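Asks: Below is a structure I'd like to ask you about.
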Amino acid sequence: MRAKLGARGTAALWAGKLTTGLSRGLRRGGGTTLPGDVSRWVDPAILTKLSRALSDGTVVVTGTNGKTTTAALLRHILEAQGHPTVANQAGANLVFGVTAAVINRASWAGDLPATVGLFEIDEASLPRLVQEVAPGTIVVTNLFRDQLDRYGELETTASHIRNALIQGPEGMTAVLNADDPMVAALGDGLPRVIYAGLDDPSLLQSELSHGADAKFCPRCGSPFIFDGVYFGHVGHYRCPRGDFARPTPDVRATSVSINGMDGMRLRVTDGAQTADVEVPLSGLYNAYNVVLALAAASALKVPLAKSAAALRDFAPAFGRMERILVDGRPAILLLAKNPTGFNEVLRTAIQFGHATSFLMALNDRIADGQDVSWIWDVDFEQVKDVAQHIVVSGDRALDLRIRLKYADVPADRIEVVSDWRQALKRAANATTAGATLFVLPTYTAMLELRAVLTRDGALKPYWERLPVEPKP
């Protein structure tokens with residue numbers, strides 16, 4: 001469908017598309033953000049104008065962890081049902097990145113070969129995006145401490161999301177994680193809410209982890225009673241005074257079986273249907289991503305059975321359980337950017353991947369969060385008895401080295417390597433035959449490592465998967 005842009009909008013579209021071509025042609029990046037900056041400078045309303053051409057509306061995914069994977073799962077489901085999407089699948093999750101994704105997908109005449117907009121968005125940017133694209137569905141994955149120097153406390157982040165949910169368009173559906181107390185509380189008073197969660201008692205742990213955040217009732221402040229947690233503060237909870245309790249999930253996984261790092265099988269029900277879901281992802285945190293994607297698909301009227309069938313051939317998003325070869329050794333790339341996320345990828349790597357060799361990379365740039373004190377809330381003690389070799393790298397490699405020391409990881413098993421290429425080489429060489437190297441970087445460190453692997457021919461640039469309409 002062709003968007004009605006007007007002269008200013010057309011100029012903005014062309015300016016953005018020319019910026020993309022120039023950026024990629026000069027190998028200065030994938031054109032995943034800058035075209036949005038340029039287009040919005042020409043016409044601040046360009047995203048709103050283009051999004052009106054999406055006949056089936058837009059879906060927005062936000063939250064601390066899991067945005068990229070949840071959005072990718074949902075995109076896979078929708079496209080399997082014949083609903084082409086436009087998405088910021090490269091992970092540029094500010095409004096400028098969303099704008100760039102739509103600019104790149106549109107033709108030079110303003111045609112959008114998509115019916116659904118599917119955008120992941122930074123929590124603090126959600127209210128602005130809601131104003132511009134008026135989404136029909138908003139998915140909230142979870143809320144954990146993340147980049148305190150940018151977001152402030154969790155209550156501040158939750159208030160941004162709550163304001164966006166309240167100000168959403170009439171008829172909007174909120175898809176919320178029932179097992180995260182702070183997320184579940186966002187649904188109070190909203191007219192249309194779908195709750196999603198896990199109901200597999202065999203996987204519940206009896207104690208909260210050190211990195212748990214939401215421990216108190218949002219209504220009376222009493223400490224929650226947790227009947228069990230899956231990770232962090234995500235689990236089954238209730239207020240001792242009866243003021244607040246975990247909502248009964250509308251879409252829930254009644255069993256989760258994880259097959260190493262190769263995949264998992266979930267039994268999911270939405271009350272009307274039950275389906276077995278097989279997906280090539282691992283880890284309990286990914287079980288939540290799957291269930292939330294299925295719940296969002298149900299909000300878009302996709303039957304559960306069809307959604308389940310679509311996920312069998314899903315391919316993980318870049319940097320999220322992405323399989324690569326590093327100097328001939330198999331490796332898995334797992335983004336780790338905050339305490340709960342790092343804890344879970346470590347647990348998944350050790351429990352399901354039998355990890356013994358690691359490359360951990362810590363940066364402190366704006367996109368990572370410049371305050372790296374959060375590493376002291378990561379349970380690095382998990383690796384002290386299993387790691388045979390750990391390479392640490394990145395801008396703050398020495399901070400990571402000190403944290404591992406205090407986790408009682410033997411000093412002779414830790415190696416600090418500042419050069420990205422050499423870090424990959426040393427980690428691969430230290431990985432024994434038949435074993436897998438687990439690469440755990442923060443966001444910008446992941447981009448740096450992928451750039452090295454791309455130059456070496458081990459990976460293709462991430463933007464090569466992003467469609468751009470040719471110039472007429």
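By order in the structure tokens, chains are A, B, ...; within a chain, residues start at 1; ligands start at 1, following the order shown.
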Within 8 Å of segment 264-273 of chain A, counting only C-alpha atoms, which residues qualify if same-chain residues fewer than 6 places away don't, as a list in words?

Replies: Asp250, Val251, Arg252, Ala253, Thr254, Ser255, Val256, Ser257, Ile258, Val279, Pro280, Leu281, Ser282, Ala287, Val291, Leu304 and Ala305 of chain A

Asks: Keeping N, CA and C atoms, export the residues of the selection given above as an mmCIF file, in the first residue's frame.

Replies:
data_model
loop_
_atom_site.group_PDB
_atom_site.id
_atom_site.type_symbol
_atom_site.label_atom_id
_atom_site.label_comp_id
_atom_site.auth_asym_id
_atom_site.auth_seq_id
_atom_site.Cartn_x
_atom_site.Cartn_y
_atom_site.Cartn_z
ATOM 1 N N ASP A 250 -3.475 -16.338 30.395
ATOM 2 C CA ASP A 250 -4.399 -16.730 29.331
ATOM 3 C C ASP A 250 -3.724 -17.683 28.352
ATOM 4 N N VAL A 251 -2.437 -17.467 28.125
ATOM 5 C CA VAL A 251 -1.623 -18.356 27.304
ATOM 6 C C VAL A 251 -0.483 -18.842 28.178
ATOM 7 N N ARG A 252 -0.348 -20.152 28.329
ATOM 8 C CA ARG A 252 0.648 -20.662 29.272
ATOM 9 C C ARG A 252 1.272 -21.954 28.781
ATOM 10 N N ALA A 253 2.524 -22.148 29.157
ATOM 11 C CA ALA A 253 3.211 -23.402 28.863
ATOM 12 C C ALA A 253 3.107 -24.287 30.088
ATOM 13 N N THR A 254 2.448 -25.420 29.934
ATOM 14 C CA THR A 254 2.270 -26.331 31.067
ATOM 15 C C THR A 254 3.436 -27.293 31.223
ATOM 16 N N SER A 255 4.285 -27.384 30.217
ATOM 17 C CA SER A 255 5.522 -28.157 30.351
ATOM 18 C C SER A 255 6.559 -27.582 29.404
ATOM 19 N N VAL A 256 7.817 -27.595 29.866
ATOM 20 C CA VAL A 256 8.947 -27.121 29.066
ATOM 21 C C VAL A 256 10.048 -28.158 29.168
ATOM 22 N N SER A 257 10.447 -28.710 28.029
ATOM 23 C CA SER A 257 11.524 -29.699 27.981
ATOM 24 C C SER A 257 12.634 -29.160 27.093
ATOM 25 N N ILE A 258 13.834 -28.976 27.679
ATOM 26 C CA ILE A 258 14.953 -28.377 26.955
ATOM 27 C C ILE A 258 15.936 -29.467 26.550
ATOM 28 N N VAL A 279 10.936 -25.539 19.016
ATOM 29 C CA VAL A 279 11.639 -24.358 18.519
ATOM 30 C C VAL A 279 13.135 -24.526 18.794
ATOM 31 N N PRO A 280 13.998 -24.135 17.855
ATOM 32 C CA PRO A 280 15.443 -24.310 18.026
ATOM 33 C C PRO A 280 16.077 -23.228 18.896
ATOM 34 N N LEU A 281 15.604 -23.110 20.128
ATOM 35 C CA LEU A 281 16.151 -22.199 21.121
ATOM 36 C C LEU A 281 16.330 -22.977 22.420
ATOM 37 N N SER A 282 17.162 -22.452 23.301
ATOM 38 C CA SER A 282 17.388 -23.116 24.585
ATOM 39 C C SER A 282 17.279 -22.097 25.705
ATOM 40 N N ALA A 287 11.945 -19.700 26.723
ATOM 41 C CA ALA A 287 10.592 -20.248 26.845
ATOM 42 C C ALA A 287 9.588 -19.113 27.026
ATOM 43 N N VAL A 291 6.366 -18.076 24.562
ATOM 44 C CA VAL A 291 4.992 -17.966 25.046
ATOM 45 C C VAL A 291 4.435 -16.561 24.803
ATOM 46 N N LEU A 304 -3.531 -20.933 17.667
ATOM 47 C CA LEU A 304 -2.365 -21.463 18.360
ATOM 48 C C LEU A 304 -1.676 -22.555 17.559
ATOM 49 N N ALA A 305 -2.440 -23.453 16.970
ATOM 50 C CA ALA A 305 -1.845 -24.564 16.222
ATOM 51 C C ALA A 305 -1.007 -24.062 15.044
#

Asks: Could you name the residues that touch Gln422 of chain A at 12 Å or less, counting only C-alpha atoms, but leaving out those on the same chain fewer than 5 positions away, as a list in words?

Replies: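 The residues that qualify are Val326, Asp327, Leu359, Val391, Val392, Ser393, Gly394, Glu415, Val416, Val417, Ala427, Ala428, Asn429, Leu449, Val452 and Leu453 of chain A.
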
Asks: Compile a residue-level contact table for segment 23-59 of chain A against segment 108-125 of chain A at a cut-off of 12 Å, reporting for every qualifying residue the shortest atom pair and its distance in Å to one decimal, with only C-alpha atoms counted, rows ordered by chain and ascending number, as JSON lines.

Replies:
{"residue": "A:Ile46", "atom": "CA", "partner": "A:Gly110", "partner_atom": "CA", "distance": 10.7}
{"residue": "A:Leu47", "atom": "CA", "partner": "A:Gly117", "partner_atom": "CA", "distance": 11.0}
{"residue": "A:Thr48", "atom": "CA", "partner": "A:Gly117", "partner_atom": "CA", "distance": 11.5}
{"residue": "A:Lys49", "atom": "CA", "partner": "A:Gly110", "partner_atom": "CA", "distance": 9.7}
{"residue": "A:Leu50", "atom": "CA", "partner": "A:Gly110", "partner_atom": "CA", "distance": 7.5}
{"residue": "A:Ser51", "atom": "CA", "partner": "A:Gly117", "partner_atom": "CA", "distance": 7.2}
{"residue": "A:Arg52", "atom": "CA", "partner": "A:Gly117", "partner_atom": "CA", "distance": 9.9}
{"residue": "A:Ala53", "atom": "CA", "partner": "A:Leu112", "partner_atom": "CA", "distance": 6.9}
{"residue": "A:Leu54", "atom": "CA", "partner": "A:Thr115", "partner_atom": "CA", "distance": 4.6}
{"residue": "A:Ser55", "atom": "CA", "partner": "A:Thr115", "partner_atom": "CA", "distance": 5.1}
{"residue": "A:Asp56", "atom": "CA", "partner": "A:Val116", "partner_atom": "CA", "distance": 5.2}
{"residue": "A:Gly57", "atom": "CA", "partner": "A:Val116", "partner_atom": "CA", "distance": 5.4}
{"residue": "A:Thr58", "atom": "CA", "partner": "A:Gly117", "partner_atom": "CA", "distance": 4.3}
{"residue": "A:Val59", "atom": "CA", "partner": "A:Leu118", "partner_atom": "CA", "distance": 4.9}

Asks: Here is a test: counting only C-alpha atoms, which residue of A:Met261, A:Leu335, A:Leu346, A:Ile225 is nearest to Val383 of chain A?

Replies: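 Of A:Met261, A:Leu335, A:Leu346, A:Ile225, the one nearest Val383 of chain A, counting only C-alpha atoms, is A:Leu346.
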
Asks: Excluding same-chain residues fewer than 6 positions from Leu333 of chain A, what lies within 7 Å of it counting only C-alpha atoms, as a list in words?

Replies: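 Everything that qualifies: Gly319, Arg320, Met321, Glu322, Arg323, Phe438, Val439 and Leu440 of chain A.
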
Asks: Could you check which of A:Tyr288, A:Gly82, A:Asp43, A:Asp262 is closest to Ala315 of chain A, using only C-alpha atoms?

Replies: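 Counting only C-alpha atoms, the residue closest to Ala315 of chain A is A:Asp262.
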
Asks: Could you work out how far atom CA of Thr173 of chain A lies from atom CA of Leu74 of chain A, giving the answer in Å with one decimal?

Replies: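 Value for the atom CA of Leu74 of chain A-atom CA of Thr173 of chain A distance: 15.2 Å.
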
Asks: Between A:Phe380, A:Phe96, A:Phe244, A:Phe226, which has the minimum distance to Met182 of chain A (counting only C-alpha atoms)?

Replies: A:Phe244
